[in-house]
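Peer 1: Here you go, this is protein-v3.txt (compact mmCIF, C-alpha atoms).
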```
# COMPACT_ATOMS: atom_id res chain seq x y z
CA GLU K 287 -30.88 121.69 39.62
CA VAL K 288 -28.57 124.63 38.97
CA GLN K 289 -29.42 126.46 35.74
CA LEU K 290 -28.13 129.58 34.04
CA VAL K 291 -30.38 130.65 31.16
CA GLN K 292 -29.17 133.47 28.96
CA SER K 293 -31.09 135.89 26.79
CA GLY K 294 -31.28 135.42 23.04
CA ALA K 295 -29.19 136.62 20.15
CA GLU K 296 -28.84 140.36 19.58
CA VAL K 297 -28.00 142.27 16.40
CA ARG K 298 -26.93 145.89 16.71
CA LYS K 299 -25.20 148.59 14.74
CA PRO K 300 -21.88 150.12 15.78
CA GLY K 301 -22.34 152.70 18.51
CA GLU K 302 -25.58 151.20 19.80
CA SER K 303 -26.22 149.75 23.25
CA VAL K 304 -27.22 146.29 24.37
CA LYS K 305 -27.78 144.47 27.65
CA ILE K 306 -27.78 140.68 27.84
CA SER K 307 -28.98 138.68 30.79
CA CYS K 308 -28.24 135.48 32.68
CA LYS K 309 -31.14 134.21 34.79
CA THR K 310 -30.14 131.69 37.43
CA SER K 311 -32.04 129.14 39.46
CA GLY K 312 -31.47 126.15 41.69
CA TYR K 313 -29.00 127.71 44.11
CA SER K 314 -28.45 130.74 46.34
CA PHE K 315 -27.77 133.44 43.74
CA ASN K 316 -26.48 135.98 46.26
CA THR K 317 -23.57 133.90 47.52
CA TYR K 318 -21.76 132.75 44.40
CA TRP K 319 -19.69 134.92 42.07
CA ILE K 320 -20.91 135.03 38.46
CA ALA K 321 -18.43 135.50 35.62
CA TRP K 322 -18.77 136.54 32.00
CA VAL K 323 -16.63 134.88 29.33
CA ARG K 324 -16.19 136.01 25.73
CA GLN K 325 -15.61 133.77 22.75
CA MET K 326 -14.98 135.58 19.49
CA PRO K 327 -15.82 133.69 16.27
CA GLY K 328 -13.52 130.68 15.92
CA LYS K 329 -11.42 131.74 18.89
CA GLY K 330 -10.78 130.72 22.49
CA LEU K 331 -12.26 131.70 25.83
CA GLU K 332 -11.56 135.04 27.53
CA TRP K 333 -12.55 135.78 31.11
CA MET K 334 -14.08 139.28 31.23
CA GLY K 335 -14.94 139.85 34.86
CA LEU K 336 -17.20 138.81 37.69
CA ILE K 337 -19.77 140.03 40.17
CA TYR K 338 -20.80 139.02 43.67
CA PRO K 339 -24.56 139.56 43.64
CA ASP K 340 -24.98 140.00 47.37
CA ASP K 341 -23.14 143.32 47.43
CA SER K 342 -22.53 143.88 43.68
CA ASP K 343 -18.76 143.78 44.20
CA THR K 344 -17.48 143.71 40.61
CA ARG K 345 -14.03 143.05 39.16
CA TYR K 346 -13.01 143.39 35.54
CA SER K 347 -10.17 142.02 33.49
CA PRO K 348 -8.03 144.99 32.41
CA SER K 349 -8.81 144.02 28.81
CA PHE K 350 -12.50 144.75 29.39
CA GLU K 351 -12.43 147.49 32.05
CA GLY K 352 -14.32 150.51 30.77
CA GLN K 353 -15.64 148.59 27.77
CA VAL K 354 -18.52 146.73 29.44
CA THR K 355 -20.59 146.91 32.60
CA ILE K 356 -21.46 143.87 34.72
CA SER K 357 -24.42 144.12 37.07
CA ALA K 358 -26.87 141.95 38.97
CA ASP K 359 -30.43 142.12 40.28
CA LYS K 360 -30.79 140.02 43.43
CA SER K 361 -34.58 140.27 43.37
CA ILE K 362 -34.79 138.21 40.18
CA ASN K 363 -31.56 136.17 40.46
CA THR K 364 -30.21 137.64 37.24
CA ALA K 365 -26.82 138.92 36.13
CA TYR K 366 -26.26 141.30 33.23
CA LEU K 367 -23.58 142.36 30.77
CA GLN K 368 -24.02 145.60 28.89
CA TRP K 369 -22.34 147.84 26.36
CA SER K 370 -23.06 151.51 25.70
CA GLY K 371 -21.14 151.92 22.45
CA LEU K 372 -20.75 148.69 20.54
CA LYS K 373 -17.97 148.06 18.04
CA ALA K 374 -17.78 145.45 15.30
CA SER K 375 -15.04 143.78 17.35
CA ASP K 376 -17.61 143.07 20.11
CA THR K 377 -19.20 140.47 17.85
CA ALA K 378 -18.89 137.26 19.84
CA MET K 379 -20.62 134.62 21.90
CA TYR K 380 -20.86 135.61 25.55
CA TYR K 381 -21.24 133.07 28.32
CA CYS K 382 -22.15 133.57 31.94
CA ALA K 383 -20.84 131.00 34.38
CA ARG K 384 -20.96 130.42 38.12
CA HIS K 385 -17.71 130.43 40.07
CA GLY K 386 -17.61 127.55 42.54
CA THR K 387 -16.04 127.68 45.98
CA ASP K 388 -12.51 127.30 44.64
CA TRP K 389 -13.03 129.63 41.67
CA TYR K 390 -13.66 126.94 39.05
CA LEU K 391 -16.55 127.64 36.66
CA ASP K 392 -18.92 124.84 37.49
CA PHE K 393 -22.12 125.82 35.70
CA TRP K 394 -22.42 127.68 32.41
CA GLY K 395 -25.18 129.38 30.49
CA GLN K 396 -25.93 128.40 26.92
CA GLY K 397 -24.38 131.56 25.52
CA SER K 398 -25.71 134.78 23.99
CA LEU K 399 -24.56 135.74 20.50
CA VAL K 400 -24.03 139.45 19.99
CA THR K 401 -23.53 140.59 16.39
CA VAL K 402 -22.46 144.15 15.65
CA SER K 403 -22.69 145.10 12.00
CA SER K 404 -23.57 148.17 10.00
CA ASP C 794 -1.53 138.58 33.96
CA ILE C 795 -0.72 134.87 34.19
CA VAL C 796 -0.16 133.38 30.74
CA LEU C 797 -1.04 129.76 29.98
CA THR C 798 0.32 127.82 27.03
CA GLN C 799 -0.98 124.47 25.84
CA SER C 800 0.51 121.76 23.69
CA PRO C 801 -0.27 120.39 21.30
CA LEU C 802 -2.80 122.79 19.83
CA SER C 803 -4.23 120.02 17.67
CA LEU C 804 -4.45 116.38 18.67
CA PRO C 805 -5.84 113.67 16.37
CA VAL C 806 -6.73 110.65 18.48
CA THR C 807 -7.68 107.03 17.97
CA PRO C 808 -10.64 105.69 19.97
CA GLY C 809 -9.49 103.38 22.71
CA GLU C 810 -6.02 104.91 22.83
CA PRO C 811 -4.72 107.28 25.55
CA ALA C 812 -4.25 111.01 24.98
CA SER C 813 -2.66 113.78 26.96
CA ILE C 814 -2.57 117.57 26.82
CA SER C 815 -0.02 119.78 28.50
CA CYS C 816 -0.65 123.17 30.09
CA ARG C 817 2.18 125.38 31.25
CA SER C 818 1.78 128.52 33.36
CA SER C 819 3.98 131.66 33.42
CA GLN C 820 4.02 131.44 37.22
CA SER C 821 3.29 128.90 39.91
CA LEU C 822 -0.41 128.25 40.52
CA LEU C 823 0.20 127.02 44.05
CA HIS C 824 -1.60 129.15 46.62
CA SER C 825 -0.37 129.61 50.17
CA ASN C 826 -3.41 127.58 51.30
CA GLY C 827 -1.94 124.52 49.61
CA ASN C 828 -4.39 124.45 46.70
CA THR C 829 -3.28 124.60 43.10
CA TYR C 830 -5.69 126.68 41.05
CA LEU C 831 -5.65 125.03 37.65
CA ASP C 832 -8.84 123.79 36.00
CA TRP C 833 -9.64 121.95 32.78
CA TYR C 834 -12.68 122.47 30.56
CA LEU C 835 -14.02 120.77 27.46
CA GLN C 836 -16.03 122.62 24.87
CA LYS C 837 -17.77 120.11 22.64
CA PRO C 838 -18.81 121.31 19.16
CA GLY C 839 -21.70 123.74 19.36
CA GLN C 840 -21.89 123.58 23.16
CA SER C 841 -20.94 125.66 26.16
CA PRO C 842 -17.73 124.72 27.97
CA GLN C 843 -18.04 122.17 30.76
CA LEU C 844 -15.84 121.69 33.80
CA LEU C 845 -13.77 118.50 33.80
CA ILE C 846 -11.07 118.94 36.45
CA PHE C 847 -10.58 121.53 39.19
CA LEU C 848 -7.74 122.24 41.60
CA GLY C 849 -5.38 120.44 39.26
CA SER C 850 -6.61 116.91 39.82
CA ASP C 851 -10.16 116.79 41.23
CA ARG C 852 -12.76 115.42 38.81
CA ALA C 853 -15.97 117.40 38.57
CA SER C 854 -19.27 115.73 39.30
CA GLY C 855 -20.37 113.36 36.54
CA VAL C 856 -17.04 113.38 34.71
CA PRO C 857 -15.96 109.88 33.63
CA ASP C 858 -12.96 108.46 35.43
CA ARG C 859 -11.04 108.10 32.16
CA PHE C 860 -10.25 111.82 32.61
CA SER C 861 -7.50 112.69 35.06
CA GLY C 862 -5.47 115.76 35.87
CA SER C 863 -1.96 115.91 37.25
CA GLY C 864 0.90 118.28 37.75
CA SER C 865 2.07 120.98 40.10
CA GLY C 866 3.53 124.45 40.16
CA THR C 867 3.68 125.52 36.54
CA ASP C 868 3.29 122.24 34.60
CA PHE C 869 0.05 120.33 34.28
CA THR C 870 -1.34 117.48 32.23
CA LEU C 871 -4.81 116.32 31.32
CA THR C 872 -4.92 112.65 30.45
CA ILE C 873 -7.67 110.64 28.83
CA SER C 874 -6.94 106.99 29.53
CA ARG C 875 -9.00 105.62 26.62
CA VAL C 876 -10.44 108.15 24.22
CA GLU C 877 -14.05 107.80 23.19
CA ALA C 878 -15.71 109.41 20.17
CA GLU C 879 -17.71 111.73 22.47
CA ASP C 880 -14.48 113.28 23.80
CA VAL C 881 -13.91 115.38 20.67
CA GLY C 882 -13.85 119.13 21.12
CA VAL C 883 -11.54 121.84 22.40
CA TYR C 884 -9.87 121.45 25.78
CA TYR C 885 -8.90 124.54 27.76
CA CYS C 886 -6.91 124.96 30.93
CA MET C 887 -7.70 127.94 33.13
CA GLN C 888 -5.84 129.45 36.06
CA ALA C 889 -7.96 130.59 38.98
CA LEU C 890 -5.14 131.70 41.26
CA GLN C 891 -5.55 135.41 40.71
CA PRO C 892 -7.78 137.71 38.68
CA PRO C 893 -7.87 138.26 35.83
CA PHE C 894 -8.41 134.54 35.48
CA THR C 895 -6.96 133.37 32.18
CA PHE C 896 -7.44 130.47 29.79
CA GLY C 897 -4.96 128.63 27.66
CA PRO C 898 -5.36 128.87 23.88
CA GLY C 899 -7.14 125.51 23.66
CA THR C 900 -6.28 122.10 22.24
CA LYS C 901 -8.54 120.76 19.52
CA VAL C 902 -9.05 117.02 19.82
CA ASP C 903 -10.58 115.11 16.95
CA ILE C 904 -10.74 111.54 15.75
CA LYS C 905 -8.11 110.33 13.29
```
What would you get if you wrote out this structure as C-alpha cells?
Peer 2:
Amino acid sequence: EVQLVQSGAEVRKPGESVKISCKTSGYSFNTYWIAWVRQMPGKGLEWMGLIYPDDSDTRYSPSFEGQVTISADKSINTAYLQWSGLKASDTAMYYCARHGTDWYLDFWGQGSLVTVSS
Amino acid sequence: DIVLTQSPLSLPVTPGEPASISCRSSQSLLHSNGNTYLDWYLQKPGQSPQLLIFLGSDRASGVPDRFSGSGSGTDFTLTISRVEAEDVGVYYCMQALQPPFTFGPGTKVDIK
C-alpha cells in the first residue's frame, strides 16, 4: 500500500527556519517524482515544485523559486520542504504528493500545517 | 504559465441529480504524444485532495463510475451522473502538460 506520511504541525516566528518531511512507503521511492503543494487558509491549491529522488533533480514553480528548498533522502524514502527565513505569508497547509507516470498526483500526504506568527 | 479557469465557482446540488463543472485552459493541453494532460481532484472537507480523473477522461482507481471526464484541447468537463451526499467538497482541475503545473481556482459543491 502506497503511503505518504507527513510531519506534524509547526509554529515559528518570522525569520525562523523550518523543515517538514514526507515519509513514503509501499513503492519505489527513487523512481517517482514527488511534488509539494501549498494551500493557504481558505484558498486553493498551488503547485510549488518537485523532486526526482534518484538523482535529486529539482524543479520549482517561479512563484516559489528561491523561497523554499525541496530535497530528498533516498536512504529513508523521505522528501523534505524547508524555509530559511519564514514570513507570515508562509502560513499554510503543505501537502506532498506523488506524481504518477503521466504526471497526475495519485497519492497525497495528510498535510503539514505551518503557522508563522510573532 | 498555463492559466485554468473553472465555472461555476459554487455549485449547489440535489442528491440524485446530475452535476457538471467546466475547466478552461489558456492553451491547449494536448501533447504531441497524443495525451491530454488535464486531471481532476476532489478535496472533501478536512481532507487531502484525491485524484478522480487523469488524462482528461481516465478514472482513477477506486473512483465510482458516476464520475466522468470529457473534453479536449482547452475545454474540459467533469460530470457527476447522480450526485451523492459524499460528493461534497471542492473540485479542482490541474494541467500537467508543462511545469509549473497549475490548478484551477476550485468549484465548491454542496448540497442544496
Peer 1: May I have the residues of chain K within 7 Å of chain C, counting only C-alpha atoms, written as a PyMOL selection string?
Peer 2: chain K and resi 330-333+347+389-392+394+396-397
Peer 1: Just give me the gap between CA of Glu810 (chain C) and CA of Lys901 (chain C) in Å, one decimal is fine.
Peer 2: 16.4 Å
Peer 1: Please return as a list in words every residue within 8 Å of (-11.7, 106.7, 20.6), taking into account all atoms listed in the file and the file's own coordinates.
Peer 2: Val806, Thr807, Pro808, Gly809, Glu810, Arg875, Val876, Glu877, Ala878, Asp880 and Ile904 of chain C
Peer 1: Hey, which of C:Ala812, C:Leu822, C:Leu804, C:Val881 ends up closest to Phe860 (chain C)? Count all atoms listed in the file.
Peer 2: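 Comparing C:Ala812, C:Leu822, C:Leu804, C:Val881 against Phe860 (chain C), the winner is C:Ala812.
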Peer 1: Please, what distance in Å, to one decimal, runs between CA of Thr377 (chain K) and CA of Phe350 (chain K)?
Peer 2: 14.0 Å
Peer 1: Enter the distance from CA of Val796 (chain C) to CA of Tyr381 (chain K), in Å, rounded to one decimal.
Peer 2: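 Answer for the CA of Val796 (chain C) to CA of Tyr381 (chain K) separation: 21.2 Å.
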Peer 1: Quick one: of K:Lys329, K:Lys305, K:Arg345, K:Lys360, who's nearest to Ala378 (chain K), counting all atoms listed in the file?
Peer 2: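 Distance minimum relative to Ala378 (chain K) lands on K:Lys329.
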Peer 1: Please provide as a PDB file with C-alpha atoms, keeping the file's coordinate frame all residues within 6 Å of region 306-314 of chain K, with the sequence filter that same-chain residues fewer than 3 positions apart are discarded (counting only C-alpha atoms).
Peer 2:
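Done, and the output landed in around-v9.pdb:
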```
ATOM      1  CA  GLU K 287     -30.880 121.690  39.620  1.00  0.00           C
ATOM      2  CA  VAL K 288     -28.570 124.630  38.970  1.00  0.00           C
ATOM      3  CA  GLN K 289     -29.420 126.460  35.740  1.00  0.00           C
ATOM      4  CA  LEU K 290     -28.130 129.580  34.040  1.00  0.00           C
ATOM      5  CA  VAL K 291     -30.380 130.650  31.160  1.00  0.00           C
ATOM      6  CA  GLN K 292     -29.170 133.470  28.960  1.00  0.00           C
ATOM      7  CA  SER K 293     -31.090 135.890  26.790  1.00  0.00           C
ATOM      8  CA  THR K 317     -23.570 133.900  47.520  1.00  0.00           C
ATOM      9  CA  ASN K 363     -31.560 136.170  40.460  1.00  0.00           C
ATOM     10  CA  THR K 364     -30.210 137.640  37.240  1.00  0.00           C
ATOM     11  CA  ALA K 365     -26.820 138.920  36.130  1.00  0.00           C
ATOM     12  CA  TYR K 366     -26.260 141.300  33.230  1.00  0.00           C
ATOM     13  CA  LEU K 367     -23.580 142.360  30.770  1.00  0.00           C
TER      14      LEU K 367
END
```
Peer 1: Tell me which protein, DNA and RNA residues are within 10 Å of Ala374 (chain K), counting all atoms listed in the file, leaving out same-chain ones fewer than 6 positions away, and put them as a list in words.
Peer 2: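 So, after excluding close chain neighbours, the residues are Arg298, Lys299, Pro300, Gly301, Val400, Thr401, Val402, Ser403 and Ser404 of chain K.
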Peer 1: Could you write those residues out with C-alpha atoms, as a compact mmCIF listing (two decimals), in the coordinates of the input?
Peer 2:
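Written output follows (result-v3.txt):
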```
# COMPACT_ATOMS: atom_id res chain seq x y z
CA ARG K 298 -26.93 145.89 16.71
CA LYS K 299 -25.20 148.59 14.74
CA PRO K 300 -21.88 150.12 15.78
CA GLY K 301 -22.34 152.70 18.51
CA VAL K 400 -24.03 139.45 19.99
CA THR K 401 -23.53 140.59 16.39
CA VAL K 402 -22.46 144.15 15.65
CA SER K 403 -22.69 145.10 12.00
CA SER K 404 -23.57 148.17 10.00
```
Peer 1: Do you know which residues are at most 10 Å from Asp340 (chain K) counting all atoms listed in the file, after dropping those on the same chain fewer than 2 positions away, and could you put them as a list of chain:residue names?
Peer 2: K:Ser314, K:Phe315, K:Asn316, K:Thr317, K:Tyr318, K:Trp319, K:Ile337, K:Tyr338, K:Ser342, K:Asp343, K:Ala358, K:Asp359, K:Lys360
Peer 1: The centre and edge lengths of an axis-aligned box containing all atoms of region 289-299 of chain K present in the file, extended by 4 Å on each side, are to be given in Å to one decimal, as JSON.
Peer 2:
```
{"center_x": -28.2, "center_y": 137.5, "center_z": 25.2, "size_x": 14.1, "size_y": 30.1, "size_z": 29.0}
```
